[in-house]
Amino acid sequence: MSSVAHAAHRPGNLPADATTFVGRRSEVAEVRRLLSDARLVTLTGVGGVGKTRLAVRIAAGMQRAFHDGVWLVDLTRLSDPSMVVQAVLETLQVHDQSSRDPLRILTDYLRDRQVLLVLDNCEHLLQACATVADALLRTAPGLRILATSRQPLNIPDEHTMPVHPLTLPEDGQTSLPGDLSAQSGAVALFVDRAVAVHHDFALTKANQSAVVGICRQLDGIPLAIELAAARLRTLTPEQILERLDDRYRLLTTGPRSAAPRHQTLQALIDWSFERLSSAEQLLWMRTSVFSGSFDLTAAEAICAGDGIKTEDVIDLVAELIDKSILVREESGRVARYRQLDIIREYGRRKLAGLGDEARTRLRHRDYYQRIAARTAVEQFGPNQVEWFGGLTLDYADLRAAMEYCLTTPGEAQNGLRMAADLLFHWVRSYYLIEGRRWLDRMLAADTTPTRARADALWSDSWLAIIQGDTAAAQVMLDEARRLGEHFDSPRILGYVALFSGFAAMYSGDSATALRRYDEARQLHLAAGNQQGLALTFIRLCMGYSFLGDSERAIAMGEECVKLSDAVGDIWCKAYALMAMGIDVWRQGDARRATVIEQESLRMNRSLDARLGIALNLEVLAWVAASVGQFQHSASLLGALQKLKRSTGAPLSGYGHLAGYHEACVNRVRDALGAEGYDAMVLQGANLNLDQAISLALREKEHHARPAPARGEAVHLTRREREIAELVAKGQSNKEIAAALVIAQRTAESHVENILVKLGFTSRAQIAAWVSAHGQAERPNR
């Protein structure tokens with residue numbers, strides 16, 4: 001008799017799968033590994049995430065290892081803690097009519113048996129389950145326990161395994177190359193359940209955007225996805241997505257055989273909420289005002305008071321993590337927390353019903369306004385890297401705070417100040433376009449002539465110039481100048497003069513630009529504004545360089561570096577070095593120019609300053625072309641194209657440098673020929689940001705391969721084609737090796753060869769190639 005058949009005749013009560021088990025390969029393997037060493041493994045996670053289904057799947061695959069069976073104890077409908085032991089006895093079919101203690105009966109029964117016990121849904125009977133599990137494990141060496149609970153049992157030797165939502169497509173993607181359902185567990189589950197209720201359903205280019213949207217809105221939570229898929233009996237995916245704003249009403253179609261709390265999403269979350277203490281419920285509701293992740297300091301500032309002591313917040317956060325209401329994330333040296341969207345929406349509804357929403361949102365606004373205000377201090381000093389990194393993490397809540405200012409009467413001036421305080425965040429990162437939109441909206445919402453408005457105007461003008469919109473910038477600068485004169489503010493007038501010069505230089509009027517820069521320098525000196533002075537030195541350096549006055553250009557750059565070093569700033573220093581590098585290159589010293597630009601690039605990389613990085617790549621491409629390194633230059637130009645698309649800025653507002661760019665492109669194209677140029681540009685465009693920077697710094701051999709020339713046929717061997725198709729299905733090298741019965745290293749070698757042959761840098765590109773070529777290519781042997 002085979003081992004599988006033998007396992008089928010082992011004792012046990014595991015239910016047969018009524019539906020297909022989708023995904024979770026790595027989780028199944030990891031829990032089986034844990035159970036080989038540990039005697040108690042607890043699967044934790046939010047309700048509906050699939051803990052029970054995963055536990056049953058794992059247990060079914062381990063029946064051969066337990067001579068006396070694998071038994072599922074469903075505690076869902078049990079409410080009396082004293083009945084936990086009795087429930088286990090009934091499941092194991094132990095009939096002892098004596099007056100002995102039930103726990104003693106159970107321990108005696110299991111003492112010499114090999115059993116895997118699945119304790120399902122322990123969270124509402126946690127103490128009783130912990131007591132029983134601990135007693136059994138102490139007396140029954142052949143026993144293993146697999147528990148599911150929204151929080152750990154917290155007994156000795158327990159191993160916990162968080163069960164996360166199913167995988168989703170990456171942010172911003174509504175489609176993926178190859179088989180979308182093979183690359184996203186959430187999409188695969190939706191498709192599987194959709195076919196069950198609507199037999200001719202198929203994932204198509206027409207509906208995949210809606211399906212991905214549904215899965216994202218439901219956080220990849222299996223139960224919610226299954227409830228949504230059930231609606232395909234009456235709705236299309238597009239209609240389901242449109243109605244998910246009221247997801248608790250829509251998702252009410254669970255199977256009648258399921259536990260009541262699994263029949264609707266509302267009932268499921270109610271179940272979790274009702275089992276918390278009043279303080280835990282209150283913290284759940286208040287933390288729902290966070291739009292993104294948050295740290296303990298933010299939680300204490302916003303959620304404490306009126307029922308929660310500040311010193312209790314840390315313990316309450318720990319309780320909500322244990323109960324899967326909050327998810328803990330690592331971020332450098334600071335732990336952060338977040339809620340799944342479904343949990344957050346539920347908390348917000350409860351908070352509104354409690355009448356505490358307005359007060360909590362005001363605390364939220366106050367806290368993030370203080371974060372923005374500190375930015376005005378931290379952005380020119382020694383803590384830039386940490387501070388700007390923190391702004392990126394807090395960005396969803398900074399957005400929410402600014403939206404509050406726009407939609408709450410009397411708050412527009414606070415919004416103006418916030419948006420202006422975040423200026424360097426807008427300039428540094430991806431958020432240039434969005435930053436200008438916020439400033440435009442705030443300026444339109446309140447036209448009161450205040451200092452905050454003046455700062456918002458000159459800040460907005462800088463973003464407009466970077467985007468090449470000098471006409472709009474000039475209008476804003478004219479109003480800011482009038483306000484600066486009204487308030488007699490050298491600081492405001494200094495920035496107006498600086499960006500007026502910037503606009504003039506962009507338009508080609510270098511004489512006017514230098515006059516404005518000199519005016520800005522004097523005003524910032526009078527105001528004692530070191531940051532304004534540093535920014536002005538950068539512009540003076542570039543202005544003098546453009547006019548061919550290298551001595552003054554280098555002197556101004558060195559002044560900026562000196563000032564930046566004195567306060568520990570690297571943002572302004574990086575730009576000053578970039579400007580000095582241009583002038584050194586113009587003087588004919590390509591080697592030194594490269595060294596200077598690379599130093600600037602390293603600083604911009606540490607700040608994740610995308611516009612600064614783009615400028616460095618631009619200049620390094622010019623330098624490379626000028627010394628005959630045409631392929632290197634073309635690759636940098638390709639990487640630059642990709643980066644410009646993500647930042648949305650043409651040459652970062654340095655319009656007077658456009659001639660250098662055009663000359664570089666023409667020179668490189670002439671040297672390599674059209675096809676050679678295009679191939680190298682494509683190679684650069686295939687690099688991710690880290691690879692592009694590595695290429696520019698020549699730190700190591702970058703990993704892009706030359707793309708096949710146009711019209712060149714690419715042939716994979718039969719084995720390579722098999723492996724490419726498995727890659728397209730989302731399988732890892734380990735899974736490919738198992739499927740083809742080859743060594744994992746052999747699979748890795750084949751994947752590497754495929755990447756080389758196709759000129760690709762990622763598995764996603766292989767998947768796209770397989771999708772595009774289908775079965776049309778006949779592989780070689």
# chains A, B, ... in the order shown; residues from 1 in each chain; ligands from 1

call {"tool": "residues_around", "arguments": {"residues": "Leu697 in chain A", "least_positions_apart": "3", "cutoff": "7 Å", "atoms": "only C-alpha atoms", "output": "list in words"}}
result
Gln598, Ile693 and Ser694 of chain A

call {"tool": "write_last_selection", "arguments": {"atoms": "C-alpha atoms", "output": "JSON list (two decimals), in the first residue's frame"}}
result
[["chain", "number", "residue", "atom", "x", "y", "z"],
["A", 598, "GLN", "CA", 30.40, 61.29, -8.37],
["A", 693, "ILE", "CA", 23.82, 54.96, -9.80],
["A", 694, "SER", "CA", 26.22, 52.04, -9.56]]

call {"tool": "residues_around", "arguments": {"residues": "Val289 in chain A", "least_positions_apart": "5", "cutoff": "12 Å", "atoms": "only C-alpha atoms", "output": "ChimeraX atom specification"}}
result
/A:282-284,294,298-299,302-303,338-339,341,343-352,356-365,396-398,400-401,404

call {"tool": "write_last_selection", "arguments": {"atoms": "N, CA and C atoms", "output": "tab-separated table (two decimals), in the first residue's frame"}}
result
chain	number	residue	atom	x	y	z
A	282	LEU	N	-10.88	51.69	21.86
A	282	LEU	CA	-10.69	53.13	21.66
A	282	LEU	C	-9.42	53.39	20.87
A	283	LEU	N	-8.35	52.65	21.17
A	283	LEU	CA	-7.11	52.85	20.42
A	283	LEU	C	-7.27	52.40	18.97
A	284	TRP	N	-7.98	51.29	18.74
A	284	TRP	CA	-8.26	50.86	17.36
A	284	TRP	C	-8.95	52.00	16.61
A	294	PHE	N	2.67	54.56	11.17
A	294	PHE	CA	2.95	55.56	12.19
A	294	PHE	C	3.84	54.93	13.25
A	298	ALA	N	3.88	59.19	17.42
A	298	ALA	CA	2.66	59.71	16.79
A	298	ALA	C	1.42	59.15	17.48
A	299	ALA	N	1.45	57.87	17.82
A	299	ALA	CA	0.29	57.26	18.49
A	299	ALA	C	0.05	57.92	19.84
A	302	ILE	N	-1.39	61.59	19.34
A	302	ILE	CA	-2.71	61.73	18.71
A	302	ILE	C	-3.78	60.94	19.45
A	303	CYS	N	-3.42	59.79	20.01
A	303	CYS	CA	-4.44	58.88	20.54
A	303	CYS	C	-4.60	58.92	22.05
A	338	ARG	N	0.79	49.81	11.21
A	338	ARG	CA	-0.23	50.20	10.24
A	338	ARG	C	-1.43	49.27	10.38
A	339	GLN	N	-2.52	49.70	9.77
A	339	GLN	CA	-3.73	48.88	9.72
A	339	GLN	C	-4.04	48.52	8.28
A	341	ASP	N	-6.59	48.24	5.25
A	341	ASP	CA	-7.64	49.19	4.89
A	341	ASP	C	-8.99	48.79	5.47
A	343	ILE	N	-9.62	47.08	8.17
A	343	ILE	CA	-9.61	47.34	9.61
A	343	ILE	C	-9.71	48.85	9.87
A	344	ARG	N	-9.00	49.62	9.06
A	344	ARG	CA	-9.02	51.08	9.22
A	344	ARG	C	-10.42	51.64	8.97
A	345	GLU	N	-11.06	51.19	7.90
A	345	GLU	CA	-12.40	51.71	7.58
A	345	GLU	C	-13.39	51.38	8.68
A	346	TYR	N	-13.30	50.19	9.21
A	346	TYR	CA	-14.19	49.80	10.31
A	346	TYR	C	-13.96	50.73	11.51
A	347	GLY	N	-12.69	50.96	11.86
A	347	GLY	CA	-12.38	51.82	12.99
A	347	GLY	C	-12.89	53.23	12.79
A	348	ARG	N	-12.79	53.74	11.57
A	348	ARG	CA	-13.28	55.10	11.30
A	348	ARG	C	-14.79	55.19	11.45
A	349	ARG	N	-15.49	54.16	11.03
A	349	ARG	CA	-16.95	54.16	11.21
A	349	ARG	C	-17.30	54.17	12.70
A	350	LYS	N	-16.60	53.37	13.46
A	350	LYS	CA	-16.85	53.34	14.89
A	350	LYS	C	-16.50	54.67	15.54
A	351	LEU	N	-15.39	55.27	15.11
A	351	LEU	CA	-14.96	56.55	15.67
A	351	LEU	C	-15.99	57.63	15.40
A	352	ALA	N	-16.54	57.65	14.18
A	352	ALA	CA	-17.56	58.63	13.84
A	352	ALA	C	-18.81	58.41	14.68
A	356	ASP	N	-16.08	61.05	18.38
A	356	ASP	CA	-14.72	61.46	18.73
A	356	ASP	C	-13.88	61.77	17.50
A	357	GLU	N	-14.48	61.71	16.32
A	357	GLU	CA	-13.71	61.83	15.09
A	357	GLU	C	-13.11	63.22	14.91
A	358	ALA	N	-13.91	64.27	15.11
A	358	ALA	CA	-13.43	65.63	14.87
A	358	ALA	C	-12.24	65.96	15.76
A	359	ARG	N	-12.33	65.60	17.04
A	359	ARG	CA	-11.24	65.89	17.97
A	359	ARG	C	-9.98	65.11	17.61
A	360	THR	N	-10.14	63.85	17.22
A	360	THR	CA	-8.97	63.04	16.88
A	360	THR	C	-8.33	63.55	15.59
A	361	ARG	N	-9.13	63.94	14.62
A	361	ARG	CA	-8.58	64.46	13.36
A	361	ARG	C	-7.85	65.78	13.59
A	362	LEU	N	-8.33	66.60	14.51
A	362	LEU	CA	-7.63	67.85	14.82
A	362	LEU	C	-6.28	67.57	15.46
A	363	ARG	N	-6.23	66.59	16.36
A	363	ARG	CA	-4.93	66.20	16.94
A	363	ARG	C	-3.98	65.68	15.85
A	364	HIS	N	-4.55	64.93	14.93
A	364	HIS	CA	-3.76	64.41	13.81
A	364	HIS	C	-3.20	65.56	13.00
A	365	ARG	N	-4.03	66.54	12.67
A	365	ARG	CA	-3.55	67.69	11.90
A	365	ARG	C	-2.46	68.44	12.66
A	396	ALA	N	1.79	59.77	3.65
A	396	ALA	CA	0.34	59.57	3.53
A	396	ALA	C	-0.41	60.40	4.56
A	397	ASP	N	0.16	60.54	5.76
A	397	ASP	CA	-0.51	61.32	6.80
A	397	ASP	C	-0.28	62.82	6.64
A	398	LEU	N	0.84	63.21	6.07
A	398	LEU	CA	1.02	64.63	5.72
A	398	LEU	C	-0.03	65.04	4.68
A	400	ALA	N	-2.97	63.65	4.31
A	400	ALA	CA	-4.27	63.68	4.98
A	400	ALA	C	-4.42	64.96	5.80
A	401	ALA	N	-3.35	65.41	6.44
A	401	ALA	CA	-3.41	66.64	7.23
A	401	ALA	C	-3.65	67.85	6.34
A	404	TYR	N	-7.20	67.86	5.22
A	404	TYR	CA	-8.02	68.37	6.33
A	404	TYR	C	-8.05	69.90	6.30

call {"tool": "closest_atom_pairs", "arguments": {"of": "range 321-347 of chain A", "to": "range 29-44 of chain A", "cutoff": "10 Å", "atoms": "only C-alpha atoms", "output": "tab-separated table"}}
result
residue	atom	partner	partner_atom	distance
A:Asp322	CA	A:Thr44	CA	8.3
A:Lys323	CA	A:Thr44	CA	8.1
A:Ser324	CA	A:Thr44	CA	7.2

call {"tool": "select_by_dssp", "arguments": {"residues": "range 102-227 of chain A", "states": "alpha helix (DSSP H)", "output": "NGL selection string"}}
result
:A and (102-110 or 126-139 or 180-183 or 185-197 or 208-217 or 222-227)

call {"tool": "write_last_selection", "arguments": {"atoms": "C-alpha atoms", "output": "PDB file, in the first residue's frame"}}
result
ATOM      1  CA  PRO A 102     -11.577  15.905  31.922  1.00  0.00           C
ATOM      2  CA  LEU A 103      -8.070  17.329  31.469  1.00  0.00           C
ATOM      3  CA  ARG A 104      -6.593  14.298  33.229  1.00  0.00           C
ATOM      4  CA  ILE A 105      -8.601  12.016  30.949  1.00  0.00           C
ATOM      5  CA  LEU A 106      -7.285  13.864  27.922  1.00  0.00           C
ATOM      6  CA  THR A 107      -3.634  13.855  29.011  1.00  0.00           C
ATOM      7  CA  ASP A 108      -3.807  10.138  29.810  1.00  0.00           C
ATOM      8  CA  TYR A 109      -5.299   9.428  26.387  1.00  0.00           C
ATOM      9  CA  LEU A 110      -2.632  11.380  24.470  1.00  0.00           C
ATOM     10  CA  LEU A 126      -7.286  32.254  24.707  1.00  0.00           C
ATOM     11  CA  GLN A 127      -6.528  31.512  28.355  1.00  0.00           C
ATOM     12  CA  ALA A 128      -8.339  28.182  28.293  1.00  0.00           C
ATOM     13  CA  CYS A 129      -6.618  27.123  25.080  1.00  0.00           C
ATOM     14  CA  ALA A 130      -3.238  28.132  26.472  1.00  0.00           C
ATOM     15  CA  THR A 131      -3.819  26.148  29.670  1.00  0.00           C
ATOM     16  CA  VAL A 132      -4.945  23.019  27.831  1.00  0.00           C
ATOM     17  CA  ALA A 133      -2.151  23.197  25.241  1.00  0.00           C
ATOM     18  CA  ASP A 134       0.516  23.675  27.901  1.00  0.00           C
ATOM     19  CA  ALA A 135      -0.756  20.736  29.950  1.00  0.00           C
ATOM     20  CA  LEU A 136      -0.958  18.427  26.957  1.00  0.00           C
ATOM     21  CA  LEU A 137       2.489  19.274  25.626  1.00  0.00           C
ATOM     22  CA  ARG A 138       4.037  18.627  29.038  1.00  0.00           C
ATOM     23  CA  THR A 139       2.643  15.104  29.248  1.00  0.00           C
ATOM     24  CA  LEU A 180      -1.368  37.829 -13.905  1.00  0.00           C
ATOM     25  CA  SER A 181      -3.059  35.258 -11.686  1.00  0.00           C
ATOM     26  CA  ALA A 182       0.164  33.234 -11.500  1.00  0.00           C
ATOM     27  CA  GLN A 183       2.010  36.244 -10.093  1.00  0.00           C
ATOM     28  CA  GLY A 185      -2.170  35.108  -5.026  1.00  0.00           C
ATOM     29  CA  ALA A 186      -5.054  37.519  -4.489  1.00  0.00           C
ATOM     30  CA  VAL A 187      -5.862  37.689  -8.198  1.00  0.00           C
ATOM     31  CA  ALA A 188      -5.539  33.911  -8.515  1.00  0.00           C
ATOM     32  CA  LEU A 189      -8.046  33.402  -5.693  1.00  0.00           C
ATOM     33  CA  PHE A 190     -10.525  35.856  -7.199  1.00  0.00           C
ATOM     34  CA  VAL A 191     -10.310  34.137 -10.579  1.00  0.00           C
ATOM     35  CA  ASP A 192     -10.709  30.674  -9.048  1.00  0.00           C
ATOM     36  CA  ARG A 193     -13.782  31.650  -7.027  1.00  0.00           C
ATOM     37  CA  ALA A 194     -15.182  33.672  -9.929  1.00  0.00           C
ATOM     38  CA  VAL A 195     -15.135  30.619 -12.193  1.00  0.00           C
ATOM     39  CA  ALA A 196     -16.959  28.650  -9.501  1.00  0.00           C
ATOM     40  CA  VAL A 197     -19.918  31.054  -9.530  1.00  0.00           C
ATOM     41  CA  GLN A 208      -7.976  42.703 -15.203  1.00  0.00           C
ATOM     42  CA  SER A 209      -7.715  46.332 -14.101  1.00  0.00           C
ATOM     43  CA  ALA A 210     -10.998  46.001 -12.207  1.00  0.00           C
ATOM     44  CA  VAL A 211     -10.006  42.637 -10.723  1.00  0.00           C
ATOM     45  CA  VAL A 212      -6.674  44.040  -9.490  1.00  0.00           C
ATOM     46  CA  GLY A 213      -8.518  47.050  -8.068  1.00  0.00           C
ATOM     47  CA  ILE A 214     -10.905  44.783  -6.159  1.00  0.00           C
ATOM     48  CA  CYS A 215      -8.058  42.733  -4.717  1.00  0.00           C
ATOM     49  CA  ARG A 216      -6.156  45.857  -3.678  1.00  0.00           C
ATOM     50  CA  GLN A 217      -9.164  47.490  -2.034  1.00  0.00           C
ATOM     51  CA  PRO A 222      -9.051  35.835   1.177  1.00  0.00           C
ATOM     52  CA  LEU A 223     -12.479  35.932   2.833  1.00  0.00           C
ATOM     53  CA  ALA A 224     -13.212  39.416   1.489  1.00  0.00           C
ATOM     54  CA  ILE A 225     -12.068  38.370  -1.995  1.00  0.00           C
ATOM     55  CA  GLU A 226     -14.275  35.286  -1.912  1.00  0.00           C
ATOM     56  CA  LEU A 227     -17.265  37.374  -0.837  1.00  0.00           C
TER      57      LEU A 227
END

call {"tool": "atom_distance", "arguments": {"atom1": "CA of Gly501 in chain A", "atom2": "CA of Glu519 in chain A"}}
result
9.3 Å

call {"tool": "closest_residue", "arguments": {"among": "A:Ser288, A:Ser278, A:Asn688, A:Ser564", "to": "Ile342 in chain A", "atoms": "only C-alpha atoms"}}
result
A:Ser288

call {"tool": "decode", "arguments": {"residues": "range 335-367 of chain A", "atoms": "N, CA and C atoms", "output": "JSON list (two decimals), in the first residue's frame"}}
result
[["chain", "number", "residue", "atom", "x", "y", "z"],
["A", 335, "ALA", "N", 10.35, 51.13, 15.10],
["A", 335, "ALA", "CA", 9.22, 50.29, 14.71],
["A", 335, "ALA", "C", 8.05, 51.17, 14.31],
["A", 336, "ARG", "N", 7.34, 50.75, 13.28],
["A", 336, "ARG", "CA", 6.16, 51.47, 12.83],
["A", 336, "ARG", "C", 4.99, 50.49, 12.75],
["A", 337, "TYR", "N", 3.80, 51.05, 12.71],
["A", 337, "TYR", "CA", 2.60, 50.24, 12.75],
["A", 337, "TYR", "C", 1.62, 50.73, 11.68],
["A", 338, "ARG", "N", 0.79, 49.81, 11.21],
["A", 338, "ARG", "CA", -0.23, 50.20, 10.24],
["A", 338, "ARG", "C", -1.43, 49.27, 10.38],
["A", 339, "GLN", "N", -2.52, 49.70, 9.77],
["A", 339, "GLN", "CA", -3.73, 48.88, 9.72],
["A", 339, "GLN", "C", -4.04, 48.52, 8.28],
["A", 340, "LEU", "N", -4.60, 47.34, 8.07],
["A", 340, "LEU", "CA", -5.15, 47.03, 6.77],
["A", 340, "LEU", "C", -6.33, 47.95, 6.51],
["A", 341, "ASP", "N", -6.59, 48.24, 5.25],
["A", 341, "ASP", "CA", -7.64, 49.19, 4.89],
["A", 341, "ASP", "C", -8.99, 48.79, 5.47],
["A", 342, "ILE", "N", -9.29, 47.50, 5.44],
["A", 342, "ILE", "CA", -10.59, 47.04, 5.95],
["A", 342, "ILE", "C", -10.71, 47.31, 7.45],
["A", 343, "ILE", "N", -9.62, 47.08, 8.17],
["A", 343, "ILE", "CA", -9.61, 47.34, 9.61],
["A", 343, "ILE", "C", -9.71, 48.85, 9.87],
["A", 344, "ARG", "N", -9.00, 49.62, 9.06],
["A", 344, "ARG", "CA", -9.02, 51.08, 9.22],
["A", 344, "ARG", "C", -10.42, 51.64, 8.97],
["A", 345, "GLU", "N", -11.06, 51.19, 7.90],
["A", 345, "GLU", "CA", -12.40, 51.71, 7.58],
["A", 345, "GLU", "C", -13.39, 51.38, 8.68],
["A", 346, "TYR", "N", -13.30, 50.19, 9.21],
["A", 346, "TYR", "CA", -14.19, 49.80, 10.31],
["A", 346, "TYR", "C", -13.96, 50.73, 11.51],
["A", 347, "GLY", "N", -12.69, 50.96, 11.86],
["A", 347, "GLY", "CA", -12.38, 51.82, 12.99],
["A", 347, "GLY", "C", -12.89, 53.23, 12.79],
["A", 348, "ARG", "N", -12.79, 53.74, 11.57],
["A", 348, "ARG", "CA", -13.28, 55.10, 11.30],
["A", 348, "ARG", "C", -14.79, 55.19, 11.45],
["A", 349, "ARG", "N", -15.49, 54.16, 11.03],
["A", 349, "ARG", "CA", -16.95, 54.16, 11.21],
["A", 349, "ARG", "C", -17.30, 54.17, 12.70],
["A", 350, "LYS", "N", -16.60, 53.37, 13.46],
["A", 350, "LYS", "CA", -16.85, 53.34, 14.89],
["A", 350, "LYS", "C", -16.50, 54.67, 15.54],
["A", 351, "LEU", "N", -15.39, 55.27, 15.11],
["A", 351, "LEU", "CA", -14.96, 56.55, 15.67],
["A", 351, "LEU", "C", -15.99, 57.63, 15.40],
["A", 352, "ALA", "N", -16.54, 57.65, 14.18],
["A", 352, "ALA", "CA", -17.56, 58.63, 13.84],
["A", 352, "ALA", "C", -18.81, 58.41, 14.68],
["A", 353, "GLY", "N", -19.16, 57.15, 14.89],
["A", 353, "GLY", "CA", -20.34, 56.86, 15.70],
["A", 353, "GLY", "C", -20.15, 57.24, 17.15],
["A", 354, "LEU", "N", -18.90, 57.23, 17.62],
["A", 354, "LEU", "CA", -18.60, 57.58, 19.01],
["A", 354, "LEU", "C", -18.63, 59.09, 19.22],
["A", 355, "GLY", "N", -18.52, 59.85, 18.12],
["A", 355, "GLY", "CA", -18.48, 61.31, 18.24],
["A", 355, "GLY", "C", -17.11, 61.86, 18.55],
["A", 356, "ASP", "N", -16.08, 61.05, 18.38],
["A", 356, "ASP", "CA", -14.72, 61.46, 18.73],
["A", 356, "ASP", "C", -13.88, 61.77, 17.50],
["A", 357, "GLU", "N", -14.48, 61.71, 16.32],
["A", 357, "GLU", "CA", -13.71, 61.83, 15.09],
["A", 357, "GLU", "C", -13.11, 63.22, 14.91],
["A", 358, "ALA", "N", -13.91, 64.27, 15.11],
["A", 358, "ALA", "CA", -13.43, 65.63, 14.87],
["A", 358, "ALA", "C", -12.24, 65.96, 15.76],
["A", 359, "ARG", "N", -12.33, 65.60, 17.04],
["A", 359, "ARG", "CA", -11.24, 65.89, 17.97],
["A", 359, "ARG", "C", -9.98, 65.11, 17.61],
["A", 360, "THR", "N", -10.14, 63.85, 17.22],
["A", 360, "THR", "CA", -8.97, 63.04, 16.88],
["A", 360, "THR", "C", -8.33, 63.55, 15.59],
["A", 361, "ARG", "N", -9.13, 63.94, 14.62],
["A", 361, "ARG", "CA", -8.58, 64.46, 13.36],
["A", 361, "ARG", "C", -7.85, 65.78, 13.59],
["A", 362, "LEU", "N", -8.33, 66.60, 14.51],
["A", 362, "LEU", "CA", -7.63, 67.85, 14.82],
["A", 362, "LEU", "C", -6.28, 67.57, 15.46],
["A", 363, "ARG", "N", -6.23, 66.59, 16.36],
["A", 363, "ARG", "CA", -4.93, 66.20, 16.94],
["A", 363, "ARG", "C", -3.98, 65.68, 15.85],
["A", 364, "HIS", "N", -4.55, 64.93, 14.93],
["A", 364, "HIS", "CA", -3.76, 64.41, 13.81],
["A", 364, "HIS", "C", -3.20, 65.56, 13.00],
["A", 365, "ARG", "N", -4.03, 66.54, 12.67],
["A", 365, "ARG", "CA", -3.55, 67.69, 11.90],
["A", 365, "ARG", "C", -2.46, 68.44, 12.66],
["A", 366, "ASP", "N", -2.68, 68.67, 13.94],
["A", 366, "ASP", "CA", -1.70, 69.39, 14.74],
["A", 366, "ASP", "C", -0.35, 68.69, 14.74],
["A", 367, "TYR", "N", -0.38, 67.37, 14.89],
["A", 367, "TYR", "CA", 0.87, 66.62, 14.96],
["A", 367, "TYR", "C", 1.64, 66.72, 13.65]]
